[in-house]
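Next comes protein-v9.txt, a file with compact mmCIF, C-alpha atoms.
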# COMPACT_ATOMS: atom_id res chain seq x y z
CA MET D 704 -2.14 17.64 1.78
CA PHE D 705 -3.76 15.32 4.33
CA SER D 706 -2.13 13.85 7.42
CA ALA D 707 -3.32 11.33 10.00
CA GLY D 708 -1.85 10.28 13.31
CA ASP D 709 -2.03 8.35 16.55
CA ASP D 710 -3.87 11.28 18.15
CA LYS D 711 -7.12 10.24 16.33
CA GLN D 712 -6.94 13.38 14.19
CA VAL D 713 -7.05 13.81 10.42
CA LYS D 714 -5.90 17.19 9.14
CA CYS D 715 -5.98 19.03 5.83
CA TRP D 716 -3.04 21.39 5.21
CA ASP D 717 -2.63 24.45 3.03
CA LEU D 718 0.92 24.00 1.76
CA GLU D 719 1.19 27.59 0.55
CA TYR D 720 0.59 29.06 4.03
CA ASN D 721 1.84 25.98 5.95
CA LYS D 722 -1.19 25.74 8.23
CA VAL D 723 -4.11 23.45 9.00
CA ILE D 724 -7.34 24.50 7.30
CA ARG D 725 -9.65 21.56 8.16
CA ASN D 726 -9.93 18.87 10.83
CA TYR D 727 -11.94 15.67 10.45
CA HIS D 728 -13.27 14.32 13.76
CA GLY D 729 -14.79 10.89 14.29
CA HIS D 730 -12.11 8.24 14.71
CA LEU D 731 -12.04 6.63 18.14
CA SER D 732 -8.35 5.71 18.05
CA GLY D 733 -5.16 6.19 16.04
CA VAL D 734 -5.47 6.69 12.28
CA TYR D 735 -2.99 4.67 10.20
CA ALA D 736 -4.20 5.06 6.60
CA ALA D 737 -5.57 7.91 4.47
CA GLU D 738 -6.33 7.98 0.77
CA VAL D 739 -7.94 10.58 -1.53
CA HIS D 740 -10.53 9.37 -4.06
CA PRO D 741 -9.18 9.92 -7.61
CA SER D 742 -12.34 11.46 -9.06
CA LEU D 743 -14.57 12.55 -6.15
CA ASP D 744 -13.99 15.08 -3.37
CA LEU D 745 -13.78 12.28 -0.83
CA LEU D 746 -11.15 11.25 1.70
CA VAL D 747 -11.06 7.72 3.11
CA THR D 748 -9.28 7.01 6.41
CA GLY D 749 -8.82 3.93 8.56
CA GLY D 750 -7.09 3.01 11.78
CA ARG D 751 -7.14 1.23 15.10
CA ASP D 752 -10.91 1.53 15.55
CA ALA D 753 -11.30 -1.01 12.68
CA THR D 754 -13.55 1.37 10.74
CA ALA D 755 -12.96 2.96 7.33
CA ARG D 756 -14.47 6.43 7.36
CA VAL D 757 -15.42 8.32 4.21
CA TRP D 758 -15.29 12.13 4.48
CA ASP D 759 -16.51 14.96 2.30
CA MET D 760 -13.28 16.90 1.87
CA ARG D 761 -14.89 20.33 1.69
CA THR D 762 -17.67 20.14 4.28
CA LYS D 763 -15.74 17.87 6.72
CA ALA D 764 -18.89 15.74 7.04
CA GLN D 765 -18.60 11.98 7.49
CA VAL D 766 -20.37 10.33 4.56
CA PHE D 767 -19.97 6.68 5.61
CA ALA D 768 -18.50 4.67 8.47
CA LEU D 769 -17.60 1.35 6.86
CA GLY D 770 -17.57 -1.28 9.59
CA GLY D 771 -16.76 -4.97 9.32
CA HIS D 772 -13.09 -5.40 10.09
CA ARG D 773 -12.28 -6.85 13.50
CA ASP D 774 -8.85 -5.26 13.94
CA THR D 775 -6.71 -2.30 12.89
CA ILE D 776 -6.99 -1.10 9.28
CA ASN D 777 -3.42 -0.72 8.05
CA SER D 778 -3.87 0.22 4.40
CA ILE D 779 -6.50 1.74 2.10
CA GLN D 780 -6.63 2.15 -1.68
CA THR D 781 -9.25 4.00 -3.74
CA GLN D 782 -10.12 3.86 -7.44
CA LYS D 783 -12.68 5.29 -9.85
CA VAL D 784 -14.71 2.12 -10.43
CA ASP D 785 -16.14 -0.50 -8.08
CA PRO D 786 -14.79 -1.62 -5.76
CA GLN D 787 -13.92 2.02 -5.17
CA ILE D 788 -12.37 1.30 -1.75
CA ILE D 789 -10.04 -1.58 -0.81
CA SER D 790 -8.97 -1.98 2.82
CA GLY D 791 -6.40 -4.29 4.38
CA SER D 792 -6.58 -5.10 8.09
CA ALA D 793 -4.64 -6.73 10.91
CA ASP D 794 -7.49 -9.25 11.17
CA SER D 795 -5.82 -10.89 8.09
CA THR D 796 -8.70 -9.95 5.75
CA ILE D 797 -9.14 -7.59 2.81
CA ARG D 798 -12.50 -6.00 2.14
CA LEU D 799 -13.79 -4.58 -1.14
CA TRP D 800 -16.35 -1.83 -0.61
CA ASP D 801 -19.29 -0.56 -2.66
CA LEU D 802 -19.01 3.19 -2.13
CA ALA D 803 -22.48 4.03 -3.45
CA ALA D 804 -24.20 1.58 -1.09
CA GLY D 805 -21.74 2.08 1.78
CA LYS D 806 -21.29 -1.64 2.39
CA SER D 807 -18.83 -4.46 1.81
CA MET D 808 -18.95 -6.24 -1.56
CA SER D 809 -16.69 -9.14 -0.58
CA THR D 810 -14.16 -10.25 2.02
CA LEU D 811 -10.89 -11.94 1.00
CA THR D 812 -9.57 -14.35 3.63
CA ASN D 813 -6.55 -16.01 1.96
CA HIS D 814 -3.95 -14.29 4.14
CA LYS D 815 -2.95 -16.08 7.36
CA LYS D 816 -1.38 -13.00 8.99
CA GLY D 817 -2.40 -9.36 9.30
CA VAL D 818 -2.42 -7.38 6.05
CA ARG D 819 0.06 -4.50 6.23
CA ALA D 820 -0.12 -3.01 2.71
CA VAL D 821 -2.37 -2.87 -0.37
CA ALA D 822 -1.37 -1.44 -3.78
CA CYS D 823 -3.40 -1.16 -7.01
CA ASN D 824 -1.85 -1.81 -10.41
CA PRO D 825 -2.20 1.37 -12.51
CA ARG D 826 -2.17 -0.59 -15.79
CA GLU D 827 -4.56 -3.46 -15.13
CA PHE D 828 -7.66 -4.09 -13.03
CA SER D 829 -5.94 -5.88 -10.17
CA PHE D 830 -4.17 -5.21 -6.90
CA ALA D 831 -1.55 -6.69 -4.57
CA SER D 832 -1.56 -7.19 -0.82
CA ALA D 833 1.28 -7.85 1.61
CA SER D 834 1.42 -9.71 4.88
CA ALA D 835 3.98 -11.59 6.97
CA ASP D 836 3.04 -14.81 5.17
CA ASN D 837 3.14 -13.76 1.50
CA ILE D 838 2.51 -11.10 -1.09
CA LYS D 839 -0.62 -11.95 -3.07
CA THR D 840 -2.17 -10.53 -6.25
CA TRP D 841 -5.90 -10.37 -6.92
CA ARG D 842 -8.09 -9.78 -9.96
CA LEU D 843 -10.84 -7.19 -9.69
CA PRO D 844 -13.76 -6.52 -9.42
CA GLU D 845 -14.55 -9.85 -7.71
CA GLY D 846 -11.26 -10.15 -5.84
CA VAL D 847 -10.24 -13.49 -7.41
CA PHE D 848 -6.89 -14.78 -6.12
CA MET D 849 -4.21 -14.83 -8.85
CA ARG D 850 -0.87 -15.86 -7.34
CA ASN D 851 1.65 -15.64 -4.51
CA LEU D 852 4.93 -13.74 -4.63
CA SER D 853 7.13 -15.63 -2.19
CA GLY D 854 10.64 -15.05 -0.96
CA HIS D 855 10.61 -11.94 1.21
CA ASN D 856 10.45 -13.97 4.47
CA VAL D 857 9.90 -10.92 6.69
CA ILE D 858 6.98 -8.70 7.62
CA VAL D 859 6.23 -6.55 4.56
CA ASN D 860 5.09 -3.04 5.48
CA SER D 861 4.84 -1.36 2.08
CA LEU D 862 3.94 -2.06 -1.55
CA SER D 863 4.22 0.20 -4.60
CA VAL D 864 3.51 -0.49 -8.29
CA ASN D 865 4.46 1.75 -11.23
CA ASP D 866 3.20 1.94 -14.84
CA ASP D 867 5.95 -0.37 -16.08
CA GLY D 868 4.67 -3.25 -13.97
CA VAL D 869 7.46 -3.02 -11.41
CA MET D 870 6.34 -3.70 -7.86
CA VAL D 871 8.49 -2.86 -4.85
CA SER D 872 7.97 -4.38 -1.41
CA GLY D 873 9.64 -3.01 1.71
CA GLY D 874 10.38 -5.23 4.67
CA ASP D 875 10.82 -4.88 8.41
CA ASP D 876 14.53 -5.74 8.08
CA GLY D 877 15.27 -2.94 5.59
CA THR D 878 15.14 -5.06 2.43
CA LEU D 879 13.63 -3.72 -0.79
CA ALA D 880 12.51 -6.41 -3.24
CA PHE D 881 11.74 -5.51 -6.87
CA TRP D 882 9.24 -7.76 -8.65
CA ASP D 883 7.90 -8.15 -12.16
CA TYR D 884 4.17 -7.91 -11.48
CA LYS D 885 3.02 -10.23 -14.28
CA SER D 886 5.47 -13.08 -13.84
CA ALA D 887 5.84 -12.72 -10.03
CA HIS D 888 9.63 -12.88 -10.47
CA GLU D 889 11.86 -11.07 -7.98
CA PHE D 890 14.54 -9.64 -10.27
CA TYR D 891 16.44 -7.46 -7.79
CA ARG D 892 16.90 -7.02 -4.07
CA THR D 893 18.77 -4.38 -2.10
CA GLN D 894 19.30 -3.40 1.53
CA THR D 895 18.77 0.11 2.85
CA GLN D 896 21.51 1.82 4.85
CA VAL D 897 20.70 3.45 8.18
CA GLN D 898 21.83 7.01 8.76
CA PRO D 899 24.97 7.50 10.89
CA GLY D 900 24.22 7.20 14.59
CA SER D 901 21.32 4.79 14.14
CA LEU D 902 21.24 1.15 15.12
CA ASP D 903 21.27 -1.60 12.51
CA CYS D 904 17.88 -2.73 13.81
CA GLU D 905 16.45 0.63 12.68
CA ALA D 906 16.72 -0.35 9.02
CA GLY D 907 13.02 -1.09 8.50
CA ILE D 908 10.89 0.20 5.62
CA PHE D 909 7.59 1.68 6.82
CA GLY D 910 6.21 3.12 3.58
CA SER D 911 7.02 3.59 -0.09
CA ALA D 912 5.67 5.34 -3.18
CA PHE D 913 6.75 6.00 -6.75
CA ASP D 914 6.89 9.61 -7.97
CA MET D 915 4.76 10.81 -10.90
CA THR D 916 7.30 9.57 -13.47
CA GLY D 917 7.44 6.09 -11.95
CA THR D 918 11.25 6.08 -12.17
CA ARG D 919 12.05 7.23 -8.65
CA LEU D 920 11.07 5.47 -5.46
CA ILE D 921 10.52 7.27 -2.15
CA THR D 922 10.78 5.30 1.10
CA VAL D 923 9.97 6.18 4.71
CA GLU D 924 12.16 4.31 7.16
CA THR D 925 12.55 3.37 10.79
CA ASP D 926 15.63 5.55 11.27
CA LYS D 927 13.42 8.65 10.76
CA THR D 928 14.67 9.28 7.22
CA VAL D 929 12.97 9.69 3.84
CA LYS D 930 15.10 8.24 1.05
CA MET D 931 14.84 8.58 -2.74
CA TRP D 932 15.99 5.79 -5.06
CA LYS D 933 16.59 6.10 -8.81
CA GLU D 934 17.16 3.65 -11.65
CA ASP D 935 20.68 2.44 -12.32
CA ASN D 936 21.39 3.82 -15.80
CA GLU D 937 24.55 1.72 -16.12
CA ALA D 938 22.82 -1.62 -15.47
CA THR D 939 23.15 -4.19 -18.28
CA PRO D 940 21.99 -7.80 -18.80
CA GLU D 941 25.56 -8.85 -17.99
CA THR D 942 25.74 -7.00 -14.66
CA HIS D 943 22.18 -7.97 -13.67
CA PRO D 944 21.40 -11.34 -15.30
CA LEU D 945 17.82 -12.56 -15.28
CA ASN D 946 17.61 -15.96 -13.62
CA TRP D 947 13.92 -16.74 -13.95
CA LYS D 948 12.26 -20.13 -13.67
CA PRO D 949 8.46 -20.19 -13.94
CA ASN D 950 6.53 -21.69 -11.06
CA ILE D 951 4.31 -24.28 -12.75
CA LEU D 952 2.20 -25.02 -9.67
CA PRO D 953 1.93 -21.78 -7.64
CA GLN D 954 0.76 -22.14 -4.03
CA ARG D 955 -2.83 -21.05 -3.69
CA TYR D 956 -2.87 -19.98 -0.02
As structure tokens, how would this structure be written, given the file I've shared?
Amino acid sequence: MFSAGDDKQVKCWDLEYNKVIRNYHGHLSGVYAAEVHPSLDLLVTGGRDATARVWDMRTKAQVFALGGHRDTINSIQTQKVDPQIISGSADSTIRLWDLAAGKSMSTLTNHKKGVRAVACNPREFSFASASADNIKTWRLPEGVFMRNLSGHNVIVNSLSVNDDGVMVSGGDDGTLAFWDYKSAHEFYRTQTQVQPGSLDCEAGIFGSAFDMTGTRLITVETDKTVKMWKEDNEATPETHPLNWKPNILPQRY
């Protein structure tokens, strides 16, 4: 397991013995994102120094320092094919990186606010990004803008997509919105509950991820809790009707 923090450190943990076995030194400020490459022994991290650093997991050597962002890197995704690294930054841009060359392939500038989260679709060659202005989907490898997913109306801190094409976005106000990835329809919305003793303002969602089955959602929240959500097995079309109207002219920016 890998962890990163505000102390500029990136650590590799042995979960069997519950101890740190490797440290990765090089970041100049807090580290806010870490992602393991799916097919290579590489770790990619990014943070407040606006640089995405690529590490050899075993030797602890820094392979690349990918510079170009002008502000904090909030989210990183990796995949097997180019662009193998996707980074979202507070400078309101997303960069697609050529890992072999160690340089940026393209820069996506459609967002008007800082990008807080990036999530790849496991079933198609595309990804989604979240900001305070909108959630946007993009087609890879060029990074062609596809559509906006509007309606959250708060700062979105997390995005997760499962194999069934369900995307979940978590907001600063504790809302969880469930979207159909293809149609961009928000079919369900719920509100998290803070733990007893916490303030209502501590109901924010900081991070989310689906488990390996894709049926359970794990969220990390402002009230210092980790929550697990499961599907409602008793839901029917009558209890949860689908009120969908296609957007004929989706907003481009």
inquiry  = Is it possible to get the residues within 12 Å of (-12.7, 12.5, 3.2) (coordinates as in the file, counting only C-alpha atoms) written as a PyMOL selection string?
reply    = chain D and resi 704-707+713-715+725-729+736-741+743-749+755-768+781
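Put simply, atom CA of D:Val923 is 17.3 Å away from atom CA of D:Arg892.
Distances from D:Asp774, D:Glu905, D:Asp883, D:Glu719 to D:Lys927 were compared using all atoms listed in the file, and the smallest one belongs to D:Glu905.
The spacing separating atom CA of D:Phe881 from atom CA of D:Val734 amounts to 28.5 Å.
Separating atom CA of D:Glu845 from atom CA of D:Val818 is a distance of 18.5 Å.
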For stretch 721-740 of chain D, what centre and edge lengths in Å (one decimal) does the axis-aligned box get once 6 Å is added on each side of all its listed atoms, as AutoDock Vina command-line options?
--center_x -6.5 --center_y 15.3 --center_z 7.0 --size_x 28.6 --size_y 33.3 --size_z 34.2
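Considering all atoms listed in the file, the residue among D:Gly791, D:Gly771, D:Gly917, D:Pro940 positioned nearest to D:Met870 is D:Gly917.
Distances to D:Ser809 were evaluated for D:Gln782, D:Pro844, D:Lys885, D:Lys839 using all atoms listed in the file, and the minimum falls at D:Pro844.
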Do you know which residues are at most 12 Å from D:Val897 counting all atoms listed in the file, after dropping those on the same chain fewer than 5 positions away, and could you put them as a PDB file with C-alpha atoms, in the coordinates of the input?
ATOM      1  CA  ASP D 876      14.530  -5.740   8.080  1.00  0.00           C
ATOM      2  CA  GLY D 877      15.270  -2.940   5.590  1.00  0.00           C
ATOM      3  CA  THR D 878      15.140  -5.060   2.430  1.00  0.00           C
ATOM      4  CA  LEU D 902      21.240   1.150  15.120  1.00  0.00           C
ATOM      5  CA  ASP D 903      21.270  -1.600  12.510  1.00  0.00           C
ATOM      6  CA  CYS D 904      17.880  -2.730  13.810  1.00  0.00           C
ATOM      7  CA  GLU D 905      16.450   0.630  12.680  1.00  0.00           C
ATOM      8  CA  ALA D 906      16.720  -0.350   9.020  1.00  0.00           C
ATOM      9  CA  GLY D 907      13.020  -1.090   8.500  1.00  0.00           C
ATOM     10  CA  ILE D 908      10.890   0.200   5.620  1.00  0.00           C
ATOM     11  CA  VAL D 923       9.970   6.180   4.710  1.00  0.00           C
ATOM     12  CA  GLU D 924      12.160   4.310   7.160  1.00  0.00           C
ATOM     13  CA  THR D 925      12.550   3.370  10.790  1.00  0.00           C
ATOM     14  CA  ASP D 926      15.630   5.550  11.270  1.00  0.00           C
ATOM     15  CA  LYS D 927      13.420   8.650  10.760  1.00  0.00           C
ATOM     16  CA  THR D 928      14.670   9.280   7.220  1.00  0.00           C
ATOM     17  CA  VAL D 929      12.970   9.690   3.840  1.00  0.00           C
ATOM     18  CA  LYS D 930      15.100   8.240   1.050  1.00  0.00           C
TER      19      LYS D 930
END
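Across D:Thr939, D:Thr796, D:Asn837, D:Ser861, the tightest approach to D:Leu920 is made by D:Ser861 when counting only C-alpha atoms.
You can rank D:Gly868, D:Gly708, D:Gly733, D:Gly750 by their closest distance to D:Ala793 using all atoms listed in the file, and at the top of that list sits D:Gly750.
With distances restricted to all atoms listed in the file, D:Val784 is the closest residue to D:Asp801 from D:Ser778, D:Val784, D:Ser901, D:Glu889.
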Polymer residues at most 7 Å from D:Arg842, all atoms listed in the file, same-chain spacing of 3 or more positions, as a PyMOL selection string = chain D and resi 828-830+845-849
ask   = Neighbours of stretch 931-937 of chain D within 8 Å (all atoms listed in the file; same-chain residues fewer than 3 positions away dropped), as a VMD selection string?
value = chain D and resid 918 to 922
message = Counting all atoms listed in the file, I want the residues whose atoms come within 9 Å of (-7.2, 7.4, 22.6) in the file frame, returned as a list in words.
response = Asp709, Asp710, Lys711, Leu731, Ser732 and Gly733 of chain D
